[in-house]
$ cat coords-v2.pdb   # PDB, C-alpha atoms
ATOM      1  CA  MET H   1      20.003  13.516  11.163  1.00  0.00           C
ATOM      2  CA  ASP H   2      19.023  11.341   8.222  1.00  0.00           C
ATOM      3  CA  SER H   3      22.578  10.109   7.888  1.00  0.00           C
ATOM      4  CA  ILE H   4      22.797   9.168  11.571  1.00  0.00           C
ATOM      5  CA  ILE H   5      19.758   6.949  11.279  1.00  0.00           C
ATOM      6  CA  LEU H   6      20.955   5.398   8.031  1.00  0.00           C
ATOM      7  CA  ARG H   7      24.308   4.705   9.688  1.00  0.00           C
ATOM      8  CA  LEU H   8      22.644   2.881  12.599  1.00  0.00           C
ATOM      9  CA  LEU H   9      20.524   0.836  10.216  1.00  0.00           C
ATOM     10  CA  MET H  10      23.633  -0.231   8.290  1.00  0.00           C
ATOM     11  CA  ASP H  11      24.525  -2.365  11.326  1.00  0.00           C
ATOM     12  CA  GLY H  12      21.266  -4.263  11.109  1.00  0.00           C
ATOM     13  CA  ASP H  13      17.504  -3.887  11.212  1.00  0.00           C
ATOM     14  CA  LYS H  14      16.194  -2.012  14.203  1.00  0.00           C
ATOM     15  CA  TYR H  15      12.933  -0.758  15.650  1.00  0.00           C
ATOM     16  CA  GLY H  16      12.243   2.839  16.550  1.00  0.00           C
ATOM     17  CA  TYR H  17      12.891   2.880  20.272  1.00  0.00           C
ATOM     18  CA  GLN H  18      16.050   0.821  19.834  1.00  0.00           C
ATOM     19  CA  ILE H  19      17.464   3.487  17.530  1.00  0.00           C
ATOM     20  CA  SER H  20      16.840   6.244  20.043  1.00  0.00           C
ATOM     21  CA  LYS H  21      18.585   4.151  22.699  1.00  0.00           C
ATOM     22  CA  ASP H  22      21.469   3.460  20.318  1.00  0.00           C
ATOM     23  CA  ILE H  23      21.970   7.148  19.609  1.00  0.00           C
ATOM     24  CA  ALA H  24      22.089   7.849  23.341  1.00  0.00           C
ATOM     25  CA  ALA H  25      24.536   4.970  23.867  1.00  0.00           C
ATOM     26  CA  TRP H  26      26.871   5.926  21.005  1.00  0.00           C
ATOM     27  CA  THR H  27      27.149   9.482  22.282  1.00  0.00           C
ATOM     28  CA  ASN H  28      27.249   8.588  26.016  1.00  0.00           C
ATOM     29  CA  ASP H  29      23.913  10.346  26.512  1.00  0.00           C
ATOM     30  CA  ALA H  30      25.323  13.591  25.130  1.00  0.00           C
ATOM     31  CA  PHE H  31      22.768  13.624  22.350  1.00  0.00           C
ATOM     32  CA  LEU H  32      19.242  12.627  23.298  1.00  0.00           C
ATOM     33  CA  ILE H  33      16.955  12.634  20.319  1.00  0.00           C
ATOM     34  CA  LYS H  34      13.255  13.187  20.748  1.00  0.00           C
ATOM     35  CA  GLU H  35      11.348  10.178  19.467  1.00  0.00           C
ATOM     36  CA  ALA H  36       8.924  12.512  17.731  1.00  0.00           C
ATOM     37  CA  THR H  37      11.806  13.798  15.606  1.00  0.00           C
ATOM     38  CA  LEU H  38      12.932  10.249  15.015  1.00  0.00           C
ATOM     39  CA  TYR H  39       9.575   9.067  13.749  1.00  0.00           C
ATOM     40  CA  ALA H  40       9.238  12.145  11.566  1.00  0.00           C
ATOM     41  CA  VAL H  41      12.587  11.246  10.001  1.00  0.00           C
ATOM     42  CA  PHE H  42      11.414   7.649   9.511  1.00  0.00           C
ATOM     43  CA  GLN H  43       8.401   8.921   7.615  1.00  0.00           C
ATOM     44  CA  ARG H  44      10.606  11.053   5.437  1.00  0.00           C
ATOM     45  CA  LEU H  45      13.190   8.363   4.739  1.00  0.00           C
ATOM     46  CA  GLU H  46      10.502   5.842   3.961  1.00  0.00           C
ATOM     47  CA  ARG H  47       8.882   8.255   1.551  1.00  0.00           C
ATOM     48  CA  ARG H  48      12.206   8.694  -0.233  1.00  0.00           C
ATOM     49  CA  GLU H  49      12.597   4.901  -0.261  1.00  0.00           C
ATOM     50  CA  LEU H  50      15.878   5.024   1.624  1.00  0.00           C
ATOM     51  CA  ILE H  51      14.503   2.714   4.319  1.00  0.00           C
ATOM     52  CA  GLU H  52      11.771   0.087   4.469  1.00  0.00           C
ATOM     53  CA  SER H  53       9.745  -1.224   7.360  1.00  0.00           C
ATOM     54  CA  TYR H  54       8.293  -4.612   8.173  1.00  0.00           C
ATOM     55  CA  GLN H  55       6.420  -6.132  11.092  1.00  0.00           C
ATOM     56  CA  GLY H  56       8.810  -8.094  13.252  1.00  0.00           C
ATOM     57  CA  GLU H  57       7.960 -10.851  15.695  1.00  0.00           C
ATOM     58  CA  LYS H  58       6.249 -10.244  18.988  1.00  0.00           C
ATOM     59  CA  SER H  59       8.026  -8.954  22.032  1.00  0.00           C
ATOM     60  CA  HIS H  60       6.161  -8.599  25.277  1.00  0.00           C
ATOM     61  CA  GLY H  61       2.734  -7.830  23.898  1.00  0.00           C
ATOM     62  CA  GLY H  62       2.659  -6.250  20.475  1.00  0.00           C
ATOM     63  CA  LYS H  63       4.139  -6.638  17.045  1.00  0.00           C
ATOM     64  CA  ARG H  64       7.129  -4.465  16.439  1.00  0.00           C
ATOM     65  CA  LYS H  65       7.834  -2.447  13.359  1.00  0.00           C
ATOM     66  CA  TYR H  66      11.409  -2.942  12.223  1.00  0.00           C
ATOM     67  CA  TYR H  67      13.223  -0.656   9.840  1.00  0.00           C
ATOM     68  CA  THR H  68      15.758  -1.808   7.311  1.00  0.00           C
ATOM     69  CA  ILE H  69      17.975   0.176   4.974  1.00  0.00           C
ATOM     70  CA  THR H  70      17.456  -0.206   1.225  1.00  0.00           C
ATOM     71  CA  THR H  71      20.150  -0.394  -1.436  1.00  0.00           C
ATOM     72  CA  LEU H  72      19.239   3.147  -2.381  1.00  0.00           C
ATOM     73  CA  GLY H  73      19.626   4.136   1.264  1.00  0.00           C
ATOM     74  CA  LYS H  74      23.117   2.644   1.412  1.00  0.00           C
ATOM     75  CA  ALA H  75      24.148   4.474  -1.739  1.00  0.00           C
ATOM     76  CA  TYR H  76      22.705   7.687  -0.325  1.00  0.00           C
ATOM     77  CA  PHE H  77      24.599   7.196   2.913  1.00  0.00           C
ATOM     78  CA  HIS H  78      27.947   6.680   1.160  1.00  0.00           C
ATOM     79  CA  GLU H  79      27.325   9.786  -0.890  1.00  0.00           C
ATOM     80  CA  ALA H  80      26.434  11.784   2.232  1.00  0.00           C
ATOM     81  CA  ALA H  81      29.511  10.494   4.064  1.00  0.00           C
ATOM     82  CA  LYS H  82      31.737  11.539   1.179  1.00  0.00           C
ATOM     83  CA  GLU H  83      30.192  14.993   1.036  1.00  0.00           C
ATOM     84  CA  TRP H  84      30.579  15.387   4.779  1.00  0.00           C
ATOM     85  CA  LYS H  85      34.273  14.489   4.663  1.00  0.00           C
ATOM     86  CA  GLU H  86      34.880  17.013   1.918  1.00  0.00           C
ATOM     87  CA  ALA H  87      32.998  19.718   3.798  1.00  0.00           C
ATOM     88  CA  LYS H  88      34.877  18.868   6.986  1.00  0.00           C
ATOM     89  CA  GLN H  89      38.257  19.121   5.243  1.00  0.00           C
ATOM     90  CA  LEU H  90      37.307  22.462   3.783  1.00  0.00           C
ATOM     91  CA  ILE H  91      36.221  23.871   7.130  1.00  0.00           C
ATOM     92  CA  ASP H  92      39.339  22.479   8.816  1.00  0.00           C
ATOM     93  CA  VAL H  93      41.470  24.425   6.370  1.00  0.00           C
ATOM     94  CA  PHE H  94      39.939  27.680   7.554  1.00  0.00           C
ATOM     95  CA  MET H  95      39.515  26.871  11.225  1.00  0.00           C
ATOM     96  CA  GLU H  96      42.988  25.540  11.912  1.00  0.00           C
ATOM     97  CA  GLY H  97      45.215  27.718  14.046  1.00  0.00           C
ATOM     98  CA  VAL H  98      42.357  29.798  15.406  1.00  0.00           C
TER      99      VAL H  98
ATOM    100  CA  MET M  99      -0.415   2.779  30.316  1.00  0.00           C
ATOM    101  CA  GLN M 100      -4.007   3.793  29.607  1.00  0.00           C
ATOM    102  CA  LYS M 101      -2.832   7.369  29.705  1.00  0.00           C
ATOM    103  CA  ILE M 102      -0.421   6.850  26.794  1.00  0.00           C
ATOM    104  CA  ASN M 103      -3.221   5.383  24.734  1.00  0.00           C
ATOM    105  CA  MET M 104      -5.490   8.320  25.475  1.00  0.00           C
ATOM    106  CA  TYR M 105      -2.786  10.881  24.801  1.00  0.00           C
ATOM    107  CA  VAL M 106      -1.845   9.477  21.389  1.00  0.00           C
ATOM    108  CA  GLU M 107      -5.466   9.030  20.302  1.00  0.00           C
ATOM    109  CA  GLU M 108      -6.203  12.613  21.303  1.00  0.00           C
ATOM    110  CA  GLN M 109      -3.221  13.969  19.375  1.00  0.00           C
ATOM    111  CA  PHE M 110      -4.203  12.137  16.209  1.00  0.00           C
ATOM    112  CA  ALA M 111      -7.927  12.750  16.543  1.00  0.00           C
ATOM    113  CA  ASP M 112      -7.963  15.211  13.627  1.00  0.00           C
ATOM    114  CA  LEU M 113      -6.503  12.731  11.132  1.00  0.00           C
ATOM    115  CA  PRO M 114      -8.609  10.130   9.306  1.00  0.00           C
ATOM    116  CA  GLU M 115      -8.496   6.611  10.701  1.00  0.00           C
ATOM    117  CA  THR M 116      -6.616   4.994   7.799  1.00  0.00           C
ATOM    118  CA  GLU M 117      -4.594   1.810   8.120  1.00  0.00           C
ATOM    119  CA  GLN M 118      -1.338   3.741   7.989  1.00  0.00           C
ATOM    120  CA  ILE M 119      -2.382   6.109  10.748  1.00  0.00           C
ATOM    121  CA  VAL M 120      -3.482   3.196  12.910  1.00  0.00           C
ATOM    122  CA  ASN M 121      -0.086   1.540  12.377  1.00  0.00           C
ATOM    123  CA  LEU M 122       1.731   4.761  13.134  1.00  0.00           C
ATOM    124  CA  LYS M 123      -0.241   5.300  16.337  1.00  0.00           C
ATOM    125  CA  GLU M 124       0.452   1.721  17.362  1.00  0.00           C
ATOM    126  CA  GLU M 125       4.145   2.229  16.807  1.00  0.00           C
ATOM    127  CA  ILE M 126       4.242   5.449  18.802  1.00  0.00           C
ATOM    128  CA  LYS M 127       2.324   3.863  21.669  1.00  0.00           C
ATOM    129  CA  ASP M 128       4.649   0.849  21.714  1.00  0.00           C
ATOM    130  CA  SER M 129       7.644   3.100  21.807  1.00  0.00           C
ATOM    131  CA  MET M 130       6.246   5.221  24.656  1.00  0.00           C
ATOM    132  CA  GLU M 131       5.224   2.165  26.643  1.00  0.00           C
ATOM    133  CA  GLU M 132       8.645   0.649  26.312  1.00  0.00           C
ATOM    134  CA  LYS M 133      10.244   3.879  27.380  1.00  0.00           C
ATOM    135  CA  ALA M 134       7.937   4.125  30.373  1.00  0.00           C
ATOM    136  CA  ALA M 135       8.801   0.524  31.273  1.00  0.00           C
ATOM    137  CA  ASP M 136      12.484   1.449  31.192  1.00  0.00           C
ATOM    138  CA  PHE M 137      11.877   4.399  33.513  1.00  0.00           C
ATOM    139  CA  MET M 138       9.974   2.115  35.862  1.00  0.00           C
ATOM    140  CA  LEU M 139      12.962  -0.249  35.942  1.00  0.00           C
ATOM    141  CA  ASP M 140      15.004   2.742  37.071  1.00  0.00           C
ATOM    142  CA  GLY M 141      12.713   2.961  40.071  1.00  0.00           C
ATOM    143  CA  LYS M 142      10.134   5.510  39.002  1.00  0.00           C
ATOM    144  CA  SER M 143       6.481   5.130  39.871  1.00  0.00           C
ATOM    145  CA  GLU M 144       4.185   4.208  37.002  1.00  0.00           C
ATOM    146  CA  GLU M 145       2.625   7.644  36.814  1.00  0.00           C
ATOM    147  CA  ASP M 146       5.974   9.436  36.789  1.00  0.00           C
ATOM    148  CA  ALA M 147       7.365   7.048  34.205  1.00  0.00           C
ATOM    149  CA  VAL M 148       4.395   7.496  31.871  1.00  0.00           C
ATOM    150  CA  ASN M 149       4.497  11.272  32.164  1.00  0.00           C
ATOM    151  CA  LYS M 150       8.208  11.391  31.507  1.00  0.00           C
ATOM    152  CA  ALA M 151       7.879   9.071  28.518  1.00  0.00           C
ATOM    153  CA  ILE M 152       5.231  11.339  26.983  1.00  0.00           C
ATOM    154  CA  VAL M 153       7.177  14.525  27.603  1.00  0.00           C
ATOM    155  CA  ASP M 154      10.469  13.050  26.405  1.00  0.00           C
ATOM    156  CA  PHE M 155       8.850  11.839  23.231  1.00  0.00           C
ATOM    157  CA  GLY M 156       8.498  15.385  22.015  1.00  0.00           C
ATOM    158  CA  ASN M 157       5.948  17.120  19.869  1.00  0.00           C
ATOM    159  CA  LEU M 158       3.779  14.774  17.832  1.00  0.00           C
ATOM    160  CA  ALA M 159       2.914  17.615  15.457  1.00  0.00           C
ATOM    161  CA  GLU M 160       6.275  17.013  13.821  1.00  0.00           C
ATOM    162  CA  ILE M 161       5.322  13.466  12.834  1.00  0.00           C
ATOM    163  CA  LYS M 162       1.907  14.557  11.729  1.00  0.00           C
ATOM    164  CA  ARG M 163       3.410  17.185   9.470  1.00  0.00           C
ATOM    165  CA  GLU M 164       5.651  14.642   7.752  1.00  0.00           C
ATOM    166  CA  PHE M 165       2.753  12.272   7.450  1.00  0.00           C
ATOM    167  CA  GLN M 166       0.509  14.850   5.831  1.00  0.00           C
ATOM    168  CA  LEU M 167       3.278  15.787   3.413  1.00  0.00           C
ATOM    169  CA  GLU M 168       3.584  12.174   2.492  1.00  0.00           C
ATOM    170  CA  HIS M 169      -0.047  11.506   1.815  1.00  0.00           C
ATOM    171  CA  ALA M 170      -2.351  14.398   1.086  1.00  0.00           C
ATOM    172  CA  PRO M 171      -0.657  16.858  -1.283  1.00  0.00           C
ATOM    173  CA  GLN M 172       1.859  14.697  -3.088  1.00  0.00           C
ATOM    174  CA  LYS M 173      -0.594  12.124  -4.339  1.00  0.00           C
ATOM    175  CA  SER M 174      -2.999  14.674  -5.756  1.00  0.00           C
ATOM    176  CA  THR M 175      -0.335  16.688  -7.614  1.00  0.00           C
ATOM    177  CA  VAL M 176       1.158  13.555  -9.149  1.00  0.00           C
ATOM    178  CA  ARG M 177      -2.247  12.463 -10.322  1.00  0.00           C
ATOM    179  CA  ASN M 178      -3.051  15.893 -11.790  1.00  0.00           C
ATOM    180  CA  LYS M 179       0.160  16.018 -13.785  1.00  0.00           C
ATOM    181  CA  LYS M 180      -0.372  12.527 -15.098  1.00  0.00           C
ATOM    182  CA  GLN M 181      -3.833  13.443 -16.269  1.00  0.00           C
ATOM    183  CA  LYS M 182      -2.483  16.479 -18.082  1.00  0.00           C
ATOM    184  CA  GLU M 183       0.132  14.426 -19.887  1.00  0.00           C
ATOM    185  CA  ASP M 184      -2.435  11.879 -20.985  1.00  0.00           C
ATOM    186  CA  MET M 185      -4.637  14.700 -22.260  1.00  0.00           C
ATOM    187  CA  SER M 186      -1.907  16.222 -24.421  1.00  0.00           C
ATOM    188  CA  THR M 187      -1.351  12.982 -26.338  1.00  0.00           C
ATOM    189  CA  LEU M 188      -5.078  12.527 -26.779  1.00  0.00           C
ATOM    190  CA  ASN M 189      -5.450  16.138 -27.941  1.00  0.00           C
ATOM    191  CA  LEU M 190      -2.733  15.697 -30.523  1.00  0.00           C
ATOM    192  CA  GLY M 191      -4.320  12.513 -31.881  1.00  0.00           C
ATOM    193  CA  PHE M 192      -7.736  14.157 -32.026  1.00  0.00           C
ATOM    194  CA  SER M 193      -6.406  17.235 -33.817  1.00  0.00           C
ATOM    195  CA  ILE M 194      -4.606  15.123 -36.447  1.00  0.00           C
ATOM    196  CA  CYS M 195      -7.665  12.939 -37.127  1.00  0.00           C
ATOM    197  CA  GLY M 196     -10.003  15.930 -37.125  1.00  0.00           C
ATOM    198  CA  SER M 197      -7.910  18.028 -39.499  1.00  0.00           C
ATOM    199  CA  LEU M 198      -7.408  15.074 -41.887  1.00  0.00           C
ATOM    200  CA  LEU M 199     -11.191  14.575 -42.053  1.00  0.00           C
ATOM    201  CA  ILE M 200     -11.846  18.268 -42.759  1.00  0.00           C
ATOM    202  CA  ILE M 201      -9.096  18.436 -45.389  1.00  0.00           C
ATOM    203  CA  GLY M 202     -10.466  15.256 -46.970  1.00  0.00           C
ATOM    204  CA  LEU M 203     -13.919  16.836 -47.168  1.00  0.00           C
ATOM    205  CA  LEU M 204     -12.464  20.002 -48.740  1.00  0.00           C
ATOM    206  CA  VAL M 205     -10.566  17.978 -51.354  1.00  0.00           C
ATOM    207  CA  PHE M 206     -13.712  16.034 -52.185  1.00  0.00           C
ATOM    208  CA  VAL M 207     -15.870  19.156 -52.542  1.00  0.00           C
ATOM    209  CA  ASN M 208     -13.139  20.853 -54.585  1.00  0.00           C
ATOM    210  CA  MET M 209     -12.683  17.926 -56.976  1.00  0.00           C
ATOM    211  CA  TYR M 210     -16.374  17.130 -57.298  1.00  0.00           C
ATOM    212  CA  TYR M 211     -17.807  20.597 -57.948  1.00  0.00           C
ATOM    213  CA  THR M 212     -14.947  22.759 -59.253  1.00  0.00           C
ATOM    214  CA  PRO M 213     -12.289  20.376 -60.637  1.00  0.00           C
ATOM    215  CA  ASP M 214     -10.822  23.170 -62.829  1.00  0.00           C
ATOM    216  CA  GLU M 215      -9.877  25.399 -59.940  1.00  0.00           C
ATOM    217  CA  ILE M 216      -7.669  24.090 -57.082  1.00  0.00           C
ATOM    218  CA  TRP M 217      -8.699  26.133 -54.028  1.00  0.00           C
ATOM    219  CA  PHE M 218      -8.637  23.551 -51.214  1.00  0.00           C
ATOM    220  CA  VAL M 219      -4.969  24.342 -50.356  1.00  0.00           C
ATOM    221  CA  PHE M 220      -5.862  27.696 -48.841  1.00  0.00           C
ATOM    222  CA  PRO M 221      -8.277  26.503 -46.130  1.00  0.00           C
ATOM    223  CA  THR M 222      -5.929  23.511 -45.594  1.00  0.00           C
ATOM    224  CA  PHE M 223      -3.172  25.870 -44.461  1.00  0.00           C
ATOM    225  CA  ALA M 224      -5.533  27.453 -41.956  1.00  0.00           C
ATOM    226  CA  ILE M 225      -6.672  24.078 -40.608  1.00  0.00           C
ATOM    227  CA  LEU M 226      -3.082  22.817 -40.216  1.00  0.00           C
ATOM    228  CA  TRP M 227      -2.531  25.308 -37.370  1.00  0.00           C
ATOM    229  CA  TRP M 228      -4.674  23.086 -35.191  1.00  0.00           C
ATOM    230  CA  PRO M 229      -2.515  19.899 -35.187  1.00  0.00           C
ATOM    231  CA  VAL M 230       0.679  21.974 -35.230  1.00  0.00           C
ATOM    232  CA  SER M 231      -0.255  23.817 -32.045  1.00  0.00           C
ATOM    233  CA  MET M 232      -1.296  20.551 -30.401  1.00  0.00           C
ATOM    234  CA  ALA M 233       2.020  18.974 -31.412  1.00  0.00           C
ATOM    235  CA  PHE M 234       3.890  21.742 -29.603  1.00  0.00           C
ATOM    236  CA  VAL M 235       1.805  21.291 -26.461  1.00  0.00           C
ATOM    237  CA  TRP M 236       2.505  17.558 -26.631  1.00  0.00           C
ATOM    238  CA  MET M 237       6.257  18.083 -27.039  1.00  0.00           C
ATOM    239  CA  LYS M 238       6.307  20.426 -24.063  1.00  0.00           C
ATOM    240  CA  ALA M 239       4.463  17.884 -21.922  1.00  0.00           C
ATOM    241  CA  ARG M 240       6.874  15.154 -22.978  1.00  0.00           C
ATOM    242  CA  LYS M 241       9.892  17.279 -22.130  1.00  0.00           C
ATOM    243  CA  ARG M 242       8.440  17.930 -18.680  1.00  0.00           C
ATOM    244  CA  LYS M 243       7.921  14.192 -18.212  1.00  0.00           C
ATOM    245  CA  VAL M 244      11.545  13.425 -19.107  1.00  0.00           C
ATOM    246  CA  MET M 245      12.811  16.104 -16.751  1.00  0.00           C
ATOM    247  CA  GLN M 246      10.754  14.697 -13.904  1.00  0.00           C
ATOM    248  CA  ARG M 247      12.453  11.321 -14.204  1.00  0.00           C
TER     249      ARG M 247
END
$ encode --input "coords-v2.pdb" --output "structure tokens"
Amino acid sequence: MDSIILRLLMDGDKYGYQISKDIAAWTNDAFLIKEATLYAVFQRLERRELIESYQGEKSHGGKRKYYTITTLGKAYFHEAAKEWKEAKQLIDVFMEGV
Amino acid sequence: MQKINMYVEEQFADLPETEQIVNLKEEIKDSMEEKAADFMLDGKSEEDAVNKAIVDFGNLAEIKREFQLEHAPQKSTVRNKKQKEDMSTLNLGFSICGSLLIIGLLVFVNMYYTPDEIWFVFPTFAILWWPVSMAFVWMKARKRKVMQR
């Protein structure tokens, strides 16, 4: 979950609702994330300093809070991606031919 | 849209009204309102859209839990540990100064009244346990500090 959000933020700064729409779009609505989960993850990532937030400009009515990935976040993402590939290879070895 | 406002305020009623909470509530409301607006574009009535936006958002308790983790317990434990570390250095300094003063007094009394008999070494050994024990506490605290980094 954390990695998915970091991945989306690698493409540029986004606000919360935009990320939930992006996840739905990327997966053709197969994976609909609850915003509550999303904001909980934001809190967690921000606490670990993997993402940062700032107030963006106004869009119909209120200020919007944008999230941006930090250098630490990028490093963390690359590490996570590497680990995932290794895990995937390992599982493939055992699952092939079943 | 009033309903979203009321719902979020009600859910967060048990948390203190800090700046961060206010920002968080604002963000959640914005997100719900935008979602409801999207549903309305799809042809839903306002009431339906608002209800669906709230339900789809999911359980706010999840966010609250993360938020409480972030603020209440962490801060206090960090502060407590810091205080302990500061105390160990202070304790060590105090024990060294204190034992030097006592040993100095013993040497003076020894030399002034009974210069023929050197007895101050014996109580000095006993007093030295004080700074030695404090030095070990200090080293332990420093090791913990390094490991935390």
$ residues_around --input "coords-v2.pdb" --residues "Thr70 (chain H)" --least-positions-apart "3" --cutoff "6 Å" --atoms "all atoms listed in the file" --output "MDAnalysis selection string"
chainID H and resid 50:51 73
$ resolve_selection --input "coords-v2.pdb" --expression "the ChimeraX specification (/H :<9) & /M" --output "compact mmCIF listing (two decimals) with C-alpha atoms, in the frame of the given file"
# COMPACT_ATOMS: atom_id res chain seq x y z
CA ASN M 121 -0.09 1.54 12.38
CA LEU M 122 1.73 4.76 13.13
CA GLU M 124 0.45 1.72 17.36
CA GLU M 125 4.14 2.23 16.81
CA ILE M 126 4.24 5.45 18.80
CA ASP M 128 4.65 0.85 21.71
CA SER M 129 7.64 3.10 21.81
CA MET M 130 6.25 5.22 24.66
CA GLU M 132 8.64 0.65 26.31
CA LYS M 133 10.24 3.88 27.38
CA ASP M 154 10.47 13.05 26.40
CA PHE M 155 8.85 11.84 23.23
CA GLY M 156 8.50 15.38 22.02
CA ASN M 157 5.95 17.12 19.87
CA LEU M 158 3.78 14.77 17.83
CA ALA M 159 2.91 17.61 15.46
CA GLU M 160 6.28 17.01 13.82
CA ILE M 161 5.32 13.47 12.83
CA LYS M 162 1.91 14.56 11.73
CA ARG M 163 3.41 17.18 9.47
CA GLU M 164 5.65 14.64 7.75
CA PHE M 165 2.75 12.27 7.45
CA LEU M 167 3.28 15.79 3.41
CA GLU M 168 3.58 12.17 2.49
$ residues_near_point --input "coords-v2.pdb" --point "(24.7, 5.9, 5.5)" --cutoff "7 Å" --atoms "all atoms listed in the file" --output "ChimeraX atom specification"
/H:3,6-7,10,73-74,76-78,80-81
$ resolve_selection --input "coords-v2.pdb" --expression "the PyMOL selection byres ((chain H and resi 68) around 6)" --output "mmCIF file with C-alpha atoms, in the coordinates of the input"
data_model
loop_
_atom_site.group_PDB
_atom_site.id
_atom_site.type_symbol
_atom_site.label_atom_id
_atom_site.label_comp_id
_atom_site.auth_asym_id
_atom_site.auth_seq_id
_atom_site.Cartn_x
_atom_site.Cartn_y
_atom_site.Cartn_z
ATOM 1 C CA ASP H 13 17.504 -3.887 11.212
ATOM 2 C CA ILE H 51 14.503 2.714 4.319
ATOM 3 C CA GLU H 52 11.771 0.087 4.469
ATOM 4 C CA TYR H 67 13.223 -0.656 9.840
ATOM 5 C CA ILE H 69 17.975 0.176 4.974
#
$ atom_distance --input "coords-v2.pdb" --atom1 "CA of Leu198 (chain M)" --atom2 "CA of Thr222 (chain M)"
9.3 Å
$ resolve_selection --input "coords-v2.pdb" --expression "the PyMOL selection byres ((chain M and resi 223-226) around 10)" --output "list in words"
Ser193, Ile194, Gly196, Ser197, Leu198, Ile200, Ile201, Phe218, Val219, Phe220, Pro221, Thr222, Trp227, Trp228, Pro229, Val230 and Ser231 of chain M
$ axis_aligned_box --input "coords-v2.pdb" --around "region 83-87 of chain H" --padding-each-side "8 Å" --output "AutoDock Vina command-line options"
--center_x 32.5 --center_y 17.1 --center_z 2.9 --size_x 20.7 --size_y 21.2 --size_z 19.7
$ atom_distance --input "coords-v2.pdb" --atom1 "CA of Tyr54 (chain H)" --atom2 "CA of Val153 (chain M)"
27.3 Å
$ residues_around --input "coords-v2.pdb" --residues "Ser186 (chain M)" --least-positions-apart "3" --cutoff "10 Å" --atoms "all atoms listed in the file" --output "ChimeraX atom specification"
/M:181-183,189-192,232-240
$ residues_around --input "coords-v2.pdb" --residues "Phe137 (chain M)" --least-positions-apart "6" --cutoff "12 Å" --atoms "all atoms listed in the file" --output "JSON, numbers by chain"
{"M": [130, 131, 143, 144, 145, 146, 147, 148, 149, 150, 151, 152, 154]}
